[in-house]
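The data block below is final_21.txt; it holds compact mmCIF, C-alpha atoms and all ligand atoms.
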```txt
# COMPACT_ATOMS: atom_id res chain seq x y z
CA MET A 21 90.56 85.23 82.84
CA LYS A 22 90.91 82.09 84.93
CA ASP A 23 94.68 82.49 84.93
CA TYR A 24 94.38 86.01 86.33
CA ALA A 25 91.72 84.97 88.83
CA ASN A 26 94.06 82.28 90.15
CA ALA A 27 97.32 84.18 89.75
CA ASP A 28 99.83 84.21 92.57
CA PRO A 29 99.33 87.63 94.24
CA ALA A 30 103.06 88.35 94.61
CA GLU A 31 103.80 87.41 91.00
CA LEU A 32 100.94 89.55 89.69
CA GLU A 33 102.10 92.50 91.82
CA GLN A 34 105.58 92.15 90.38
CA ASP A 35 104.24 92.08 86.81
CA ILE A 36 102.34 95.37 87.18
CA LYS A 37 104.67 97.10 89.61
CA THR A 38 105.53 99.96 87.25
CA THR A 39 101.89 101.08 86.98
CA GLY A 40 101.65 102.50 90.51
CA PHE A 41 99.19 101.42 93.25
CA PHE A 42 100.15 97.94 92.11
CA ARG A 43 99.06 96.08 95.26
CA ASN A 44 95.54 97.39 95.06
CA LYS A 45 95.43 96.89 91.29
CA ALA A 46 96.64 93.30 91.60
CA LYS A 47 93.95 92.59 94.18
CA ASN A 48 91.29 94.14 91.94
CA ILE A 49 92.47 92.21 88.87
CA ARG A 50 92.21 88.89 90.71
CA THR A 51 88.81 89.63 92.23
CA CYS A 52 87.46 91.17 89.03
CA CYS A 53 88.51 88.13 86.98
CA ARG A 54 87.05 85.78 89.57
CA LYS A 55 83.70 87.54 89.28
CA LEU A 56 83.91 87.50 85.48
CA VAL A 57 84.41 83.74 85.54
CA GLU A 58 81.92 82.89 88.28
CA LEU A 59 79.13 85.40 87.65
CA TYR A 60 79.43 86.24 83.98
CA HIS A 61 80.56 82.90 82.48
CA SER A 62 83.93 84.35 81.45
CA GLU A 63 82.29 86.97 79.22
CA VAL A 64 82.81 90.71 79.65
CA PRO A 65 79.34 92.10 80.40
CA ARG A 66 77.81 94.87 78.29
CA THR A 67 75.91 96.96 80.79
CA MET A 68 77.04 99.78 83.06
CA ALA A 69 75.54 98.10 86.15
CA GLU A 70 77.27 94.77 85.55
CA LEU A 71 80.62 96.34 84.69
CA THR A 72 80.72 98.67 87.69
CA TYR A 73 79.95 95.69 89.94
CA LEU A 74 83.45 94.44 89.08
CA ASP A 75 86.29 95.37 91.41
CA GLY A 76 88.35 98.30 90.19
CA VAL A 77 85.82 99.24 87.50
CA GLY A 78 84.23 102.67 87.90
CA ARG A 79 82.04 104.60 85.54
CA LYS A 80 85.00 105.90 83.50
CA THR A 81 86.43 102.43 82.85
CA ALA A 82 82.98 101.02 82.10
CA ASN A 83 82.39 103.78 79.55
CA VAL A 84 85.76 102.98 77.93
CA VAL A 85 84.89 99.28 77.65
CA LEU A 86 81.31 99.79 76.45
CA GLY A 87 82.20 102.47 73.91
CA ASN A 88 85.41 101.04 72.49
CA ALA A 89 84.96 97.28 72.77
CA PHE A 90 81.23 97.07 72.09
CA ASN A 91 80.35 100.35 70.37
CA ILE A 92 77.71 101.06 73.04
CA ASN A 93 77.36 104.73 73.96
CA VAL A 94 75.87 104.98 77.43
CA GLY A 95 78.08 107.82 78.67
CA ILE A 96 81.15 109.95 78.03
CA VAL A 97 84.56 109.08 79.44
CA VAL A 98 85.71 111.95 81.66
CA ASP A 99 89.41 111.74 82.43
CA THR A 100 91.77 114.57 83.33
CA HIS A 101 92.00 115.80 79.71
CA VAL A 102 88.26 115.75 79.09
CA ALA A 103 87.66 117.58 82.38
CA ARG A 104 90.28 120.25 81.60
CA LEU A 105 89.18 120.88 78.01
CA SER A 106 85.49 120.89 78.88
CA ALA A 107 86.18 123.73 81.30
CA ARG A 108 88.43 125.71 78.94
CA LEU A 109 85.97 125.36 76.09
CA GLY A 110 83.18 126.60 78.33
CA LEU A 111 81.15 123.40 78.04
CA THR A 112 80.62 123.08 81.79
CA ASN A 113 81.34 124.76 85.12
CA GLU A 114 81.17 121.46 86.97
CA GLU A 115 84.25 119.92 88.55
CA SER A 116 83.40 116.33 89.43
CA PRO A 117 83.68 113.79 86.60
CA GLU A 118 80.12 112.56 87.16
CA LYS A 119 78.64 116.05 86.89
CA ILE A 120 80.83 116.98 83.91
CA GLU A 121 79.59 113.85 82.15
CA GLN A 122 75.97 114.78 82.89
CA GLU A 123 76.53 118.17 81.27
CA LEU A 124 78.39 116.81 78.24
CA VAL A 125 75.79 114.20 77.35
CA LYS A 126 73.28 117.05 76.94
CA LEU A 127 75.55 118.77 74.42
CA VAL A 128 76.93 115.94 72.29
CA PRO A 129 74.88 113.61 70.04
CA GLN A 130 74.81 110.16 71.64
CA ALA A 131 76.27 108.46 68.57
CA GLN A 132 79.44 110.52 69.08
CA TRP A 133 79.94 110.10 72.83
CA THR A 134 82.85 107.68 72.53
CA LEU A 135 84.55 109.61 69.73
CA PHE A 136 84.03 112.91 71.55
CA SER A 137 86.14 111.84 74.51
CA HIS A 138 88.85 110.60 72.11
CA TRP A 139 88.85 113.99 70.37
CA LEU A 140 89.25 115.89 73.64
CA ILE A 141 91.90 113.51 74.97
CA TRP A 142 93.89 113.74 71.73
CA HIS A 143 93.64 117.54 71.65
CA GLY A 144 94.49 117.70 75.34
CA ARG A 145 97.66 115.68 74.83
CA ARG A 146 98.87 117.39 71.66
CA ARG A 147 97.70 121.00 71.88
CA CYS A 148 95.71 121.98 74.95
CA VAL A 149 98.12 120.60 77.53
CA ALA A 150 97.61 121.34 81.20
CA ARG A 151 100.36 123.86 81.98
CA ASN A 152 101.09 125.61 78.73
CA PRO A 153 98.32 125.26 76.14
CA ASP A 154 99.40 126.09 72.60
CA CYS A 155 96.62 128.60 71.92
CA PRO A 156 98.41 130.41 69.04
CA ASN A 157 98.48 127.22 66.96
CA CYS A 158 95.23 125.75 68.16
CA GLU A 159 92.90 124.49 65.44
CA ILE A 160 89.81 125.59 67.37
CA LYS A 161 91.09 128.85 68.84
CA LYS A 162 88.33 130.91 67.21
CA LEU A 163 85.71 128.81 68.96
CA CYS A 164 87.35 128.64 72.38
CA PRO A 165 86.63 131.11 75.20
CA ARG A 166 89.80 129.86 76.99
CA ILE A 167 88.14 129.78 80.35
CA GLY A 168 90.70 129.50 83.14
CA VAL A 169 93.67 130.01 80.80
CA SER A 170 95.98 132.74 82.08
CA LYS A 171 95.88 136.13 80.36
CA GLU A 172 99.56 135.80 79.59
CA ILE A 173 99.02 132.59 77.61
CA SER A 174 95.81 133.83 76.00
CA ALA A 175 97.51 137.02 74.84
CA ARG A 176 100.09 135.13 72.77
CA THR A 177 97.62 134.57 69.95
S1 LIG B 201 92.47 127.87 72.24
FE1 LIG B 201 93.89 127.31 73.89
S2 LIG B 201 92.58 126.81 75.65
FE2 LIG B 201 91.28 126.74 73.81
S3 LIG B 201 91.32 124.58 73.13
FE3 LIG B 201 92.92 125.67 72.03
S4 LIG B 201 94.80 125.35 73.21
FE4 LIG B 201 93.03 124.89 74.56
```
If you convert what's in this file into structure tokens, what do you get?
Amino acid sequence: MKDYANADPAELEQDIKTTGFFRNKAKNIRTCCRKLVELYHSEVPRTMAELTYLDGVGRKTANVVLGNAFNINVGIVVDTHVARLSARLGLTNEESPEKIEQELVKLVPQAQWTLFSHWLIWHGRRRCVARNPDCPNCEIKKLCPRIGVSKEISART
């Protein structure tokens, strides 16, 4: 952590250049690590409030850290796959990640919040892809209302 907090900005930018938005990310990494060292005694905190106080850490990232590193379910990660599948499966009409999460936590048992987002992300990458979902071979096609999926794709089943 200290090494990142004190890293040379140009060198850090070069190291993460391929990730996109690298200047902003490099700045956030340095500031985030400085706060971790100075405020949290070089320990990653385990609460939503403390994590989202860190630069570059929003609710989605905090949920990833809490759920996967510490097995603490305080929310559901809503990325592009979770948002897309939640709509297609008819779990929510909401569009913003925060509101989608609020709807999902009412539907899914808390003990499964972290796993649930992994299931949707996995299914979203392998089967229910954004442009051309593979409905004919989908394992959950009998359960899915296919909301927002074009009639042409839906009719293939
Ligand atoms: S049936 Fe189609 S829209 Fe529904 S989850 Fe499966 S691939 Fe996605």
Distance filter 7 Å around ligand LIG 201 (chain B), atoms: all atoms listed in the file, out as a ChimeraX atom specification: /A:105,108-109,147-148,153-155,158-161,164-166,169
Pick the closest to Arg151 in chain A from A:Gln130, A:Ile120, A:Arg104, A:His61: which is it, counting all atoms listed in the file?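 Using all atoms listed in the file, the shortest distance to Arg151 in chain A belongs to A:Arg104.
Each of A:Ser174, A:Leu74, A:Lys126, A:Lys37 was compared to Glu58 in chain A using only C-alpha atoms, and A:Leu74 turns out to be the nearest.
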Rounded to one decimal in Å, what is the spacing between CA of Val97 in chain A and CA of Glu115 in chain A?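 Answer for the CA of Val97 in chain A to CA of Glu115 in chain A separation: 14.2 Å.
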Skip Val98 in chain A itself and residues of its chain fewer than 6 positions away, then list as JSON, numbers by chain all residues within 9 Å of it, counting all atoms listed in the file. {"A": [80, 117, 118, 120, 121, 137]}
So how many Å separate CA of Asp23 in chain A and CA of Arg54 in chain A, to one decimal?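 Answer for the CA of Asp23 in chain A to CA of Arg54 in chain A separation: 9.5 Å.
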Nearest to Tyr60 in chain A among A:Val125, A:Met21, A:Ser106, A:Phe41, with distances taken over only C-alpha atoms: which residue is it?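 The closest residue to Tyr60 in chain A is A:Met21.
For the set A:Val102, A:Ile167, A:Val84, A:Ala46, the residue with the smallest atom-to-atom gap to Ala30 in chain A is A:Ala46, counting only C-alpha atoms.
Going from CA of Leu59 in chain A to CA of Thr39 in chain A covers 27.6 Å.
Within 12 Å of the point (85.7, 87.0, 86.8) in file coordinates, and counting all atoms listed in the file, lie the residues A:Met21, A:Lys22, A:Asp23, A:Tyr24, A:Ala25, A:Asn26, A:Asn48, A:Ile49, A:Arg50, A:Thr51, A:Cys52, A:Cys53, A:Arg54, A:Lys55, A:Leu56, A:Val57, A:Glu58, A:Leu59, A:Tyr60, A:His61, A:Ser62, A:Glu63, A:Val64, A:Pro65, A:Glu70, A:Leu71, A:Tyr73, A:Leu74, A:Asp75.
You can rank A:Gly40, A:Pro156, A:Gly95, A:Gly78 by their closest distance to Val128 in chain A using only C-alpha atoms, and at the top of that list sits A:Gly95.
Each of A:Glu172, A:Glu114, A:Asp99, A:Glu31 was checked against Ile141 in chain A using only C-alpha atoms; the smallest atom-to-atom distance is that of A:Asp99.
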Generate N, CA and C atoms for range 55-88 of chain A and emit them as a PDB file, keeping the file's coordinate frame.
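The new file rebuild.pdb reads:
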```pdb
ATOM      1  N   LYS A  55      85.123  87.242  89.504  1.00  0.00           N
ATOM      2  CA  LYS A  55      83.700  87.540  89.280  1.00  0.00           C
ATOM      3  C   LYS A  55      83.309  87.322  87.820  1.00  0.00           C
ATOM      4  N   LEU A  56      84.215  87.711  86.896  1.00  0.00           N
ATOM      5  CA  LEU A  56      83.910  87.500  85.480  1.00  0.00           C
ATOM      6  C   LEU A  56      83.686  86.018  85.185  1.00  0.00           C
ATOM      7  N   VAL A  57      84.519  85.187  85.780  1.00  0.00           N
ATOM      8  CA  VAL A  57      84.410  83.740  85.540  1.00  0.00           C
ATOM      9  C   VAL A  57      83.166  83.186  86.222  1.00  0.00           C
ATOM     10  N   GLU A  58      82.984  83.545  87.498  1.00  0.00           N
ATOM     11  CA  GLU A  58      81.920  82.890  88.280  1.00  0.00           C
ATOM     12  C   GLU A  58      80.530  83.469  88.014  1.00  0.00           C
ATOM     13  N   LEU A  59      80.456  84.774  87.809  1.00  0.00           N
ATOM     14  CA  LEU A  59      79.130  85.400  87.650  1.00  0.00           C
ATOM     15  C   LEU A  59      78.737  85.610  86.194  1.00  0.00           C
ATOM     16  N   TYR A  60      79.749  85.859  85.358  1.00  0.00           N
ATOM     17  CA  TYR A  60      79.430  86.240  83.980  1.00  0.00           C
ATOM     18  C   TYR A  60      79.938  85.220  82.953  1.00  0.00           C
ATOM     19  N   HIS A  61      80.176  84.007  83.385  1.00  0.00           N
ATOM     20  CA  HIS A  61      80.560  82.900  82.480  1.00  0.00           C
ATOM     21  C   HIS A  61      81.747  83.288  81.583  1.00  0.00           C
ATOM     22  N   SER A  62      82.704  83.970  82.151  1.00  0.00           N
ATOM     23  CA  SER A  62      83.930  84.350  81.450  1.00  0.00           C
ATOM     24  C   SER A  62      83.698  85.278  80.254  1.00  0.00           C
ATOM     25  N   GLU A  63      82.573  85.986  80.274  1.00  0.00           N
ATOM     26  CA  GLU A  63      82.290  86.970  79.220  1.00  0.00           C
ATOM     27  C   GLU A  63      82.299  88.363  79.854  1.00  0.00           C
ATOM     28  N   VAL A  64      82.875  89.334  79.153  1.00  0.00           N
ATOM     29  CA  VAL A  64      82.810  90.710  79.650  1.00  0.00           C
ATOM     30  C   VAL A  64      81.387  91.217  79.454  1.00  0.00           C
ATOM     31  N   PRO A  65      80.725  91.651  80.542  1.00  0.00           N
ATOM     32  CA  PRO A  65      79.340  92.100  80.400  1.00  0.00           C
ATOM     33  C   PRO A  65      79.228  93.398  79.617  1.00  0.00           C
ATOM     34  N   ARG A  66      78.008  93.699  79.159  1.00  0.00           N
ATOM     35  CA  ARG A  66      77.810  94.870  78.290  1.00  0.00           C
ATOM     36  C   ARG A  66      76.840  95.894  78.874  1.00  0.00           C
ATOM     37  N   THR A  67      76.739  95.917  80.176  1.00  0.00           N
ATOM     38  CA  THR A  67      75.910  96.960  80.790  1.00  0.00           C
ATOM     39  C   THR A  67      76.734  97.690  81.843  1.00  0.00           C
ATOM     40  N   MET A  68      76.362  98.965  82.075  1.00  0.00           N
ATOM     41  CA  MET A  68      77.040  99.780  83.060  1.00  0.00           C
ATOM     42  C   MET A  68      76.944  99.142  84.455  1.00  0.00           C
ATOM     43  N   ALA A  69      75.755  98.659  84.811  1.00  0.00           N
ATOM     44  CA  ALA A  69      75.540  98.100  86.150  1.00  0.00           C
ATOM     45  C   ALA A  69      76.425  96.866  86.368  1.00  0.00           C
ATOM     46  N   GLU A  70      76.470  95.994  85.385  1.00  0.00           N
ATOM     47  CA  GLU A  70      77.270  94.770  85.550  1.00  0.00           C
ATOM     48  C   GLU A  70      78.773  95.096  85.575  1.00  0.00           C
ATOM     49  N   LEU A  71      79.182  96.009  84.724  1.00  0.00           N
ATOM     50  CA  LEU A  71      80.620  96.340  84.690  1.00  0.00           C
ATOM     51  C   LEU A  71      81.075  97.007  85.979  1.00  0.00           C
ATOM     52  N   THR A  72      80.283  97.943  86.489  1.00  0.00           N
ATOM     53  CA  THR A  72      80.720  98.670  87.690  1.00  0.00           C
ATOM     54  C   THR A  72      80.582  97.808  88.953  1.00  0.00           C
ATOM     55  N   TYR A  73      79.973  96.639  88.817  1.00  0.00           N
ATOM     56  CA  TYR A  73      79.950  95.690  89.940  1.00  0.00           C
ATOM     57  C   TYR A  73      81.326  95.019  90.100  1.00  0.00           C
ATOM     58  N   LEU A  74      82.130  95.076  89.043  1.00  0.00           N
ATOM     59  CA  LEU A  74      83.450  94.440  89.080  1.00  0.00           C
ATOM     60  C   LEU A  74      84.441  95.300  89.852  1.00  0.00           C
ATOM     61  N   ASP A  75      85.303  94.643  90.599  1.00  0.00           N
ATOM     62  CA  ASP A  75      86.290  95.370  91.410  1.00  0.00           C
ATOM     63  C   ASP A  75      87.225  96.187  90.527  1.00  0.00           C
ATOM     64  N   GLY A  76      87.425  97.435  90.919  1.00  0.00           N
ATOM     65  CA  GLY A  76      88.350  98.300  90.190  1.00  0.00           C
ATOM     66  C   GLY A  76      87.740  98.950  88.961  1.00  0.00           C
ATOM     67  N   VAL A  77      86.472  98.670  88.695  1.00  0.00           N
ATOM     68  CA  VAL A  77      85.820  99.240  87.500  1.00  0.00           C
ATOM     69  C   VAL A  77      84.818 100.313  87.945  1.00  0.00           C
ATOM     70  N   GLY A  78      85.146 101.561  87.631  1.00  0.00           N
ATOM     71  CA  GLY A  78      84.230 102.670  87.900  1.00  0.00           C
ATOM     72  C   GLY A  78      83.530 103.072  86.614  1.00  0.00           C
ATOM     73  N   ARG A  79      82.816 104.153  86.706  1.00  0.00           N
ATOM     74  CA  ARG A  79      82.040 104.600  85.540  1.00  0.00           C
ATOM     75  C   ARG A  79      82.939 104.931  84.341  1.00  0.00           C
ATOM     76  N   LYS A  80      84.105 105.532  84.604  1.00  0.00           N
ATOM     77  CA  LYS A  80      85.000 105.900  83.500  1.00  0.00           C
ATOM     78  C   LYS A  80      85.470 104.646  82.755  1.00  0.00           C
ATOM     79  N   THR A  81      85.945 103.665  83.484  1.00  0.00           N
ATOM     80  CA  THR A  81      86.430 102.430  82.850  1.00  0.00           C
ATOM     81  C   THR A  81      85.288 101.723  82.117  1.00  0.00           C
ATOM     82  N   ALA A  82      84.126 101.691  82.738  1.00  0.00           N
ATOM     83  CA  ALA A  82      82.980 101.020  82.100  1.00  0.00           C
ATOM     84  C   ALA A  82      82.622 101.721  80.788  1.00  0.00           C
ATOM     85  N   ASN A  83      82.663 103.054  80.793  1.00  0.00           N
ATOM     86  CA  ASN A  83      82.390 103.780  79.550  1.00  0.00           C
ATOM     87  C   ASN A  83      83.439 103.460  78.478  1.00  0.00           C
ATOM     88  N   VAL A  84      84.693 103.334  78.878  1.00  0.00           N
ATOM     89  CA  VAL A  84      85.760 102.980  77.930  1.00  0.00           C
ATOM     90  C   VAL A  84      85.468 101.612  77.303  1.00  0.00           C
ATOM     91  N   VAL A  85      85.134 100.645  78.146  1.00  0.00           N
ATOM     92  CA  VAL A  85      84.890  99.280  77.650  1.00  0.00           C
ATOM     93  C   VAL A  85      83.655  99.252  76.752  1.00  0.00           C
ATOM     94  N   LEU A  86      82.565  99.842  77.226  1.00  0.00           N
ATOM     95  CA  LEU A  86      81.310  99.790  76.450  1.00  0.00           C
ATOM     96  C   LEU A  86      81.470 100.509  75.109  1.00  0.00           C
ATOM     97  N   GLY A  87      82.088 101.682  75.129  1.00  0.00           N
ATOM     98  CA  GLY A  87      82.200 102.470  73.910  1.00  0.00           C
ATOM     99  C   GLY A  87      83.187 101.891  72.915  1.00  0.00           C
ATOM    100  N   ASN A  88      84.333 101.450  73.404  1.00  0.00           N
ATOM    101  CA  ASN A  88      85.410 101.040  72.490  1.00  0.00           C
ATOM    102  C   ASN A  88      85.376  99.562  72.142  1.00  0.00           C
TER     103      ASN A  88
END
```
